[in-house]
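Everything below belongs to run-v1.txt, which stores compact mmCIF, C-alpha atoms.
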```txt
# COMPACT_ATOMS: atom_id res chain seq x y z
CA MET A 1 -26.84 16.37 9.56
CA ALA A 2 -24.22 17.73 7.20
CA ASP A 3 -23.77 15.78 4.03
CA ASN A 4 -20.15 14.93 4.61
CA VAL A 5 -20.02 12.59 1.69
CA GLN A 6 -20.10 15.69 -0.54
CA GLY A 7 -22.51 14.57 -3.17
CA LEU A 8 -20.70 11.29 -3.80
CA GLU A 9 -23.02 8.62 -5.13
CA VAL A 10 -22.78 5.10 -6.46
CA GLY A 11 -20.91 5.34 -9.75
CA SER A 12 -18.91 8.48 -8.87
CA LYS A 13 -15.31 8.08 -10.01
CA ALA A 14 -11.90 9.31 -8.83
CA ILE A 15 -9.13 8.85 -11.39
CA PHE A 16 -5.40 9.54 -11.06
CA SER A 17 -2.58 8.80 -13.51
CA LYS A 18 1.16 8.80 -13.04
CA ALA A 19 4.14 7.90 -15.20
CA VAL A 20 6.58 5.61 -13.37
CA THR A 21 10.30 6.35 -13.57
CA ALA A 22 13.28 4.33 -12.33
CA ALA A 23 13.99 7.25 -9.98
CA ASP A 24 10.47 6.92 -8.51
CA ILE A 25 11.05 3.22 -7.82
CA LEU A 26 14.37 3.95 -6.06
CA LYS A 27 12.69 6.68 -4.04
CA PHE A 28 9.92 4.29 -3.00
CA ALA A 29 12.58 1.79 -1.88
CA GLU A 30 14.20 4.49 0.21
CA VAL A 31 11.03 5.80 1.84
CA SER A 32 9.52 2.36 2.56
CA GLY A 33 12.74 0.57 3.46
CA ASP A 34 11.92 -2.16 0.91
CA THR A 35 15.34 -2.32 -0.72
CA ASN A 36 14.81 -5.74 -2.32
CA ALA A 37 17.14 -5.98 -5.34
CA LEU A 38 14.24 -7.05 -7.59
CA HIS A 39 13.29 -3.37 -7.74
CA SER A 40 16.69 -1.83 -8.36
CA ASP A 41 19.31 -4.28 -9.68
CA PRO A 42 19.00 -5.28 -13.38
CA ALA A 43 21.48 -8.19 -12.94
CA TYR A 44 19.48 -9.59 -10.04
CA ALA A 45 16.12 -9.01 -11.78
CA ALA A 46 17.44 -10.84 -14.87
CA ARG A 47 17.57 -14.00 -12.74
CA THR A 48 13.83 -13.75 -11.89
CA ARG A 49 10.66 -14.41 -13.91
CA PHE A 50 10.42 -10.67 -14.59
CA LYS A 51 13.83 -10.37 -16.34
CA GLN A 52 14.04 -6.67 -15.47
CA PRO A 53 13.46 -4.55 -12.34
CA ILE A 54 9.81 -4.07 -11.38
CA ALA A 55 8.11 -1.49 -9.18
CA HIS A 56 7.04 -2.48 -5.69
CA GLY A 57 3.42 -3.64 -5.49
CA MET A 58 2.82 -0.95 -2.90
CA PHE A 59 4.05 1.64 -5.39
CA GLY A 60 0.96 0.94 -7.48
CA ALA A 61 -1.17 1.03 -4.35
CA GLY A 62 0.15 4.55 -3.78
CA ILE A 63 -1.56 5.61 -7.02
CA ILE A 64 -4.89 4.47 -5.54
CA SER A 65 -4.08 6.54 -2.46
CA ALA A 66 -3.47 9.53 -4.74
CA ALA A 67 -6.83 9.09 -6.49
CA LEU A 68 -8.65 8.87 -3.16
CA GLY A 69 -6.61 11.60 -1.49
CA THR A 70 -6.63 14.17 -4.27
CA ARG A 71 -9.54 13.43 -6.63
CA LEU A 72 -12.43 11.85 -4.71
CA ALA A 73 -13.55 14.78 -2.55
CA PRO A 74 -10.92 17.53 -2.72
CA THR A 75 -12.78 19.96 -0.43
CA SER A 76 -13.33 17.35 2.30
CA VAL A 77 -11.13 15.30 4.60
CA VAL A 78 -10.77 11.79 3.18
CA ILE A 79 -9.62 9.23 5.75
CA TYR A 80 -8.41 5.82 4.57
CA LEU A 81 -10.04 3.00 6.53
CA GLY A 82 -9.26 -0.07 4.47
CA GLN A 83 -7.90 -1.40 1.20
CA ASN A 84 -7.72 -4.86 -0.33
CA LEU A 85 -5.10 -5.37 -3.03
CA GLN A 86 -4.52 -8.15 -5.54
CA PHE A 87 -1.28 -7.62 -7.44
CA ARG A 88 -1.94 -9.07 -10.88
CA ALA A 89 0.82 -7.92 -13.24
CA PRO A 90 4.27 -6.34 -12.93
CA VAL A 91 4.93 -2.61 -13.38
CA MET A 92 8.18 -1.40 -14.95
CA ALA A 93 9.81 2.02 -15.24
CA GLY A 94 8.34 3.67 -18.33
CA ASP A 95 4.81 2.46 -17.62
CA THR A 96 2.03 4.94 -16.92
CA LEU A 97 -0.41 3.83 -14.23
CA THR A 98 -4.02 4.94 -13.89
CA ALA A 99 -6.03 4.26 -10.76
CA THR A 100 -9.79 4.28 -11.28
CA CYS A 101 -11.83 4.28 -8.08
CA THR A 102 -15.59 3.84 -8.49
CA VAL A 103 -18.02 4.38 -5.61
CA THR A 104 -20.00 1.21 -4.90
CA LYS A 105 -21.73 2.21 -1.64
CA VAL A 106 -22.41 5.41 0.29
CA ASP A 107 -23.29 5.34 3.98
CA THR A 108 -24.29 8.96 4.60
CA GLU A 109 -25.02 8.42 8.28
CA ARG A 110 -21.54 7.07 9.05
CA SER A 111 -19.87 9.22 6.35
CA ARG A 112 -18.37 6.09 4.82
CA VAL A 113 -17.83 5.38 1.16
CA SER A 114 -16.87 2.02 -0.40
CA LEU A 115 -15.10 1.89 -3.74
CA ASP A 116 -13.97 -0.57 -6.35
CA THR A 117 -10.30 0.21 -7.08
CA VAL A 118 -8.44 -0.82 -10.22
CA VAL A 119 -4.98 0.18 -11.45
CA THR A 120 -4.21 -0.29 -15.14
CA LYS A 121 -1.16 0.30 -17.35
CA GLN A 122 -1.13 2.33 -20.56
CA ASP A 123 -1.95 -0.80 -22.60
CA GLY A 124 -4.99 -1.60 -20.45
CA THR A 125 -3.33 -4.40 -18.46
CA GLU A 126 -4.86 -4.59 -14.99
CA VAL A 127 -2.01 -4.48 -12.48
CA ILE A 128 -3.97 -4.14 -9.23
CA ARG A 129 -7.57 -4.92 -8.35
CA GLY A 130 -9.26 -4.43 -5.03
CA ASP A 131 -11.64 -2.34 -3.00
CA ALA A 132 -11.36 0.48 -0.52
CA THR A 133 -13.28 2.05 2.32
CA VAL A 134 -12.86 5.69 3.29
CA MET A 135 -14.48 8.13 5.70
CA VAL A 136 -15.30 11.54 4.23
CA GLU A 137 -15.57 14.38 6.76
CA ALA A 138 -16.12 18.11 6.43
CA LEU A 139 -13.09 20.27 7.16
CA GLY A 140 -13.47 21.92 10.60
CA MET B 1 10.81 -30.34 -6.55
CA ALA B 2 12.91 -27.55 -5.08
CA ASP B 3 11.75 -26.26 -1.74
CA ASN B 4 11.19 -22.73 -2.91
CA VAL B 5 9.55 -21.70 0.33
CA GLN B 6 13.03 -21.87 1.89
CA GLY B 7 12.23 -23.53 5.17
CA LEU B 8 9.39 -21.14 5.97
CA GLU B 9 6.80 -22.72 8.23
CA VAL B 10 3.68 -21.68 10.09
CA GLY B 11 4.82 -19.31 12.82
CA SER B 12 7.92 -18.03 10.97
CA LYS B 13 8.19 -14.26 11.36
CA ALA B 14 9.53 -11.36 9.28
CA ILE B 15 9.96 -8.13 11.23
CA PHE B 16 10.97 -4.68 9.99
CA SER B 17 11.11 -1.37 11.88
CA LYS B 18 11.44 2.18 10.63
CA ALA B 19 11.37 5.61 12.24
CA VAL B 20 9.05 7.99 10.40
CA THR B 21 10.23 11.52 9.65
CA ALA B 22 8.35 14.49 8.20
CA ALA B 23 10.77 14.29 5.25
CA ASP B 24 9.72 10.66 4.66
CA ILE B 25 6.06 11.68 4.55
CA LEU B 26 6.77 14.45 2.03
CA LYS B 27 8.80 12.02 -0.06
CA PHE B 28 5.94 9.52 -0.02
CA ALA B 29 3.58 12.28 -1.20
CA GLU B 30 5.94 13.05 -4.05
CA VAL B 31 6.51 9.47 -5.18
CA SER B 32 2.85 8.40 -4.92
CA GLY B 33 1.28 11.64 -6.12
CA ASP B 34 -0.92 11.73 -3.00
CA THR B 35 -0.33 15.38 -2.15
CA ASN B 36 -3.37 15.69 0.15
CA ALA B 37 -2.70 18.56 2.59
CA LEU B 38 -3.57 16.33 5.55
CA HIS B 39 -0.10 14.84 5.23
CA SER B 40 1.92 18.02 4.81
CA ASP B 41 0.14 21.19 5.97
CA PRO B 42 -0.08 21.73 9.77
CA ALA B 43 -2.70 24.51 9.37
CA TYR B 44 -4.93 22.25 7.27
CA ALA B 45 -4.37 19.24 9.52
CA ALA B 46 -5.35 21.36 12.56
CA ARG B 47 -8.85 21.58 11.06
CA THR B 48 -9.21 17.76 11.01
CA ARG B 49 -9.78 15.17 13.77
CA PHE B 50 -6.03 14.47 13.76
CA LYS B 51 -4.98 18.05 14.64
CA GLN B 52 -1.55 17.51 13.07
CA PRO B 53 -0.23 16.05 9.82
CA ILE B 54 -0.39 12.27 9.58
CA ALA B 55 1.45 9.81 7.37
CA HIS B 56 -0.38 8.26 4.43
CA GLY B 57 -1.97 4.89 5.23
CA MET B 58 0.02 3.42 2.37
CA PHE B 59 3.20 4.68 4.00
CA GLY B 60 2.60 2.18 6.81
CA ALA B 61 1.78 -0.47 4.23
CA GLY B 62 5.23 0.15 2.75
CA ILE B 63 6.76 -1.08 6.02
CA ILE B 64 4.94 -4.41 5.52
CA SER B 65 6.39 -4.53 2.01
CA ALA B 66 9.85 -3.97 3.52
CA ALA B 67 9.39 -6.83 6.00
CA LEU B 68 8.27 -9.19 3.23
CA GLY B 69 10.81 -7.94 0.70
CA THR B 70 13.90 -7.85 2.89
CA ARG B 71 13.33 -10.14 5.90
CA LEU B 72 11.06 -13.04 4.97
CA ALA B 73 13.31 -14.98 2.58
CA PRO B 74 16.32 -12.82 1.69
CA THR B 75 17.97 -15.43 -0.56
CA SER B 76 14.79 -16.06 -2.59
CA VAL B 77 12.57 -14.03 -4.89
CA VAL B 78 9.52 -12.87 -2.95
CA ILE B 79 6.61 -11.84 -5.19
CA TYR B 80 3.70 -9.92 -3.68
CA LEU B 81 0.35 -11.42 -4.69
CA GLY B 82 -2.10 -9.82 -2.30
CA GLN B 83 -2.53 -7.67 0.77
CA ASN B 84 -5.53 -6.66 2.86
CA LEU B 85 -5.16 -3.54 4.97
CA GLN B 86 -7.25 -2.09 7.78
CA PHE B 87 -5.97 1.33 8.82
CA ARG B 88 -6.72 1.56 12.53
CA ALA B 89 -4.78 4.48 13.99
CA PRO B 90 -2.90 7.52 12.67
CA VAL B 91 0.89 7.67 12.28
CA MET B 92 2.77 10.92 12.86
CA ALA B 93 6.34 12.03 12.17
CA GLY B 94 8.43 10.91 15.15
CA ASP B 95 6.69 7.55 15.42
CA THR B 96 8.62 4.34 14.89
CA LEU B 97 6.70 1.64 13.04
CA THR B 98 7.26 -2.09 13.27
CA ALA B 99 5.73 -4.53 10.81
CA THR B 100 5.42 -8.08 12.11
CA CYS B 101 4.49 -10.66 9.48
CA THR B 102 3.72 -14.16 10.75
CA VAL B 103 3.36 -17.12 8.41
CA THR B 104 -0.10 -18.69 8.73
CA LYS B 105 -0.02 -21.11 5.79
CA VAL B 106 2.60 -22.65 3.50
CA ASP B 107 1.65 -24.17 0.15
CA THR B 108 4.93 -25.82 -0.91
CA GLU B 109 3.54 -27.12 -4.18
CA ARG B 110 2.45 -23.68 -5.41
CA SER B 111 5.30 -21.88 -3.59
CA ARG B 112 2.76 -19.66 -1.85
CA VAL B 113 2.91 -18.35 1.68
CA SER B 114 0.10 -16.61 3.60
CA LEU B 115 0.89 -14.25 6.44
CA ASP B 116 -0.82 -12.28 9.17
CA THR B 117 0.52 -8.70 8.93
CA VAL B 118 0.41 -6.16 11.75
CA VAL B 119 2.03 -2.73 12.01
CA THR B 120 2.47 -1.23 15.47
CA LYS B 121 3.85 2.03 16.83
CA GLN B 122 6.51 2.35 19.51
CA ASP B 123 3.81 2.40 22.24
CA GLY B 124 2.23 -0.82 20.98
CA THR B 125 -0.73 0.86 19.23
CA GLU B 126 -1.83 -1.23 16.26
CA VAL B 127 -1.92 1.06 13.24
CA ILE B 128 -2.52 -1.50 10.47
CA ARG B 129 -3.87 -5.03 10.53
CA GLY B 130 -4.30 -7.36 7.61
CA ASP B 131 -2.99 -10.36 5.79
CA ALA B 132 -0.73 -11.00 2.83
CA THR B 133 -0.05 -13.65 0.21
CA VAL B 134 3.34 -13.98 -1.48
CA MET B 135 5.00 -16.38 -3.90
CA VAL B 136 8.52 -17.43 -2.95
CA GLU B 137 10.71 -18.59 -5.84
CA ALA B 138 14.34 -19.66 -6.09
CA LEU B 139 16.62 -17.20 -7.85
CA GLY B 140 17.47 -18.48 -11.35
```

If you took the structure in this file and wrote it as structure tokens, what would it be?
Amino acid sequence: MADNVQGLEVGSKAIFSKAVTAADILKFAEVSGDTNALHSDPAYAARTRFKQPIAHGMFGAGIISAALGTRLAPTSVVIYLGQNLQFRAPVMAGDTLTATCTVTKVDTERSRVSLDTVVTKQDGTEVIRGDATVMVEALG
Amino acid sequence: MADNVQGLEVGSKAIFSKAVTAADILKFAEVSGDTNALHSDPAYAARTRFKQPIAHGMFGAGIISAALGTRLAPTSVVIYLGQNLQFRAPVMAGDTLTATCTVTKVDTERSRVSLDTVVTKQDGTEVIRGDATVMVEALG
């Protein structure tokens, strides 16, 4: 059987970083349809606990997707099966996010890989914690 | 104590629908950084089990965010605390997605609401299943 999991083993890491701009947050609102004013309107955001606009939680989750989709096994097909997300701290424009995905389990027979997934800000604050499951297949 | 949960009760629903275009998928790739060719390159996608480009899993999750952020409690501040996602079927450009979020638990004292979250396609296929937790606060 082909080793679809491409040499991935427990402890293998996929890391992706991205600076977050106000334009990115507006674009995420547009593409998702989540136009909640908390993400775009400073006057509205000033009336919330955050005091300023914050990125969508799912924006940070997109950084995990980028780590898995572009860094984990770039020569294979990586198929997202599941993701748990705990949103732990707000993300603002100007922050730089880093998703660190660490392999916790490899099921070679079913070509499935489980990962611990953490997103941090430039100051080390953990903004998302969770875990993911992907299928890793050879390109046909 | 103010009723921050704004009359939400078990069984309350938040529903959001969105048609998915190829341009949306490219925009999601750009904003997330997940530029995996499976989502953009027909020749690459033809060599995978999907045969054609598919949307990112997190794209579908964005529709849940839109339901929670724009439909659940539009006059309150809805803060995303957690989301579990099982990606169950692929989404292609041309599909229309509908996220249906159904309240399963209301904790008035902590202003927390739990929801069952399902995303379906126009033909009823379930593409994402999971559950969410949000905090619902009054605007200051």

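Atom to atom, atom CA of A:Val91 and atom CA of B:Gly140 stand 20.3 Å apart.
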
Item to complete: Determine, counting all atoms listed in the file, which protein, DNA and RNA residues have an atom within 12 Å of an atom of A:Leu81; residues of the same chain fewer than 5 positions away are not included. Present the result as an NGL selection string.
Response: (:A and (65 or 68 or 111-115 or 131-136)) or (:B and (56-58 or 84-90 or 127-130))

Practice prompt. Write down, as a list in words, each residue of chain B that has any atom within 6 Å of an atom of chain A, counting only C-alpha atoms.
Written response: Asp24, Val31, Ser32, Gly33, Asp34, Asn36, Arg47, Thr48, Gly62, Ile63, Ala66, Gly69, Thr70, Leu81, Gly82, Gln83, Asn84, Leu85, Gln86, Phe87, Leu139 and Gly140 of chain B

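Separating atom CA of B:Thr96 from atom CA of B:Thr125 is a distance of 10.9 Å.
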
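When atom CA of B:Ala55 is paired with atom CA of B:Ala99, their separation reads 15.4 Å.
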
Cut-off 12 Å around (9.0, -28.8, 5.3) with only C-alpha atoms: residues as an mmCIF file with C-alpha atoms, in the coordinates of the input:
```cif
data_model
loop_
_atom_site.group_PDB
_atom_site.id
_atom_site.type_symbol
_atom_site.label_atom_id
_atom_site.label_comp_id
_atom_site.auth_asym_id
_atom_site.auth_seq_id
_atom_site.Cartn_x
_atom_site.Cartn_y
_atom_site.Cartn_z
ATOM 1 C CA ALA B 2 12.910 -27.550 -5.080
ATOM 2 C CA ASP B 3 11.750 -26.260 -1.740
ATOM 3 C CA ASN B 4 11.190 -22.730 -2.910
ATOM 4 C CA VAL B 5 9.550 -21.700 0.330
ATOM 5 C CA GLN B 6 13.030 -21.870 1.890
ATOM 6 C CA GLY B 7 12.230 -23.530 5.170
ATOM 7 C CA LEU B 8 9.390 -21.140 5.970
ATOM 8 C CA GLU B 9 6.800 -22.720 8.230
ATOM 9 C CA VAL B 10 3.680 -21.680 10.090
ATOM 10 C CA LYS B 105 -0.020 -21.110 5.790
ATOM 11 C CA VAL B 106 2.600 -22.650 3.500
ATOM 12 C CA ASP B 107 1.650 -24.170 0.150
ATOM 13 C CA THR B 108 4.930 -25.820 -0.910
ATOM 14 C CA GLU B 109 3.540 -27.120 -4.180
ATOM 15 C CA SER B 111 5.300 -21.880 -3.590
#
```

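Proximity ranking of A:Ala19, A:Thr75, A:Val103, A:Lys13 relative to A:Gln122 places A:Ala19 first, based on all atoms listed in the file.
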
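Distances to B:Gly94 were evaluated for B:Ala43, B:Ile15, B:Val119, B:Ile54 using only C-alpha atoms, and the minimum falls at B:Ile54.
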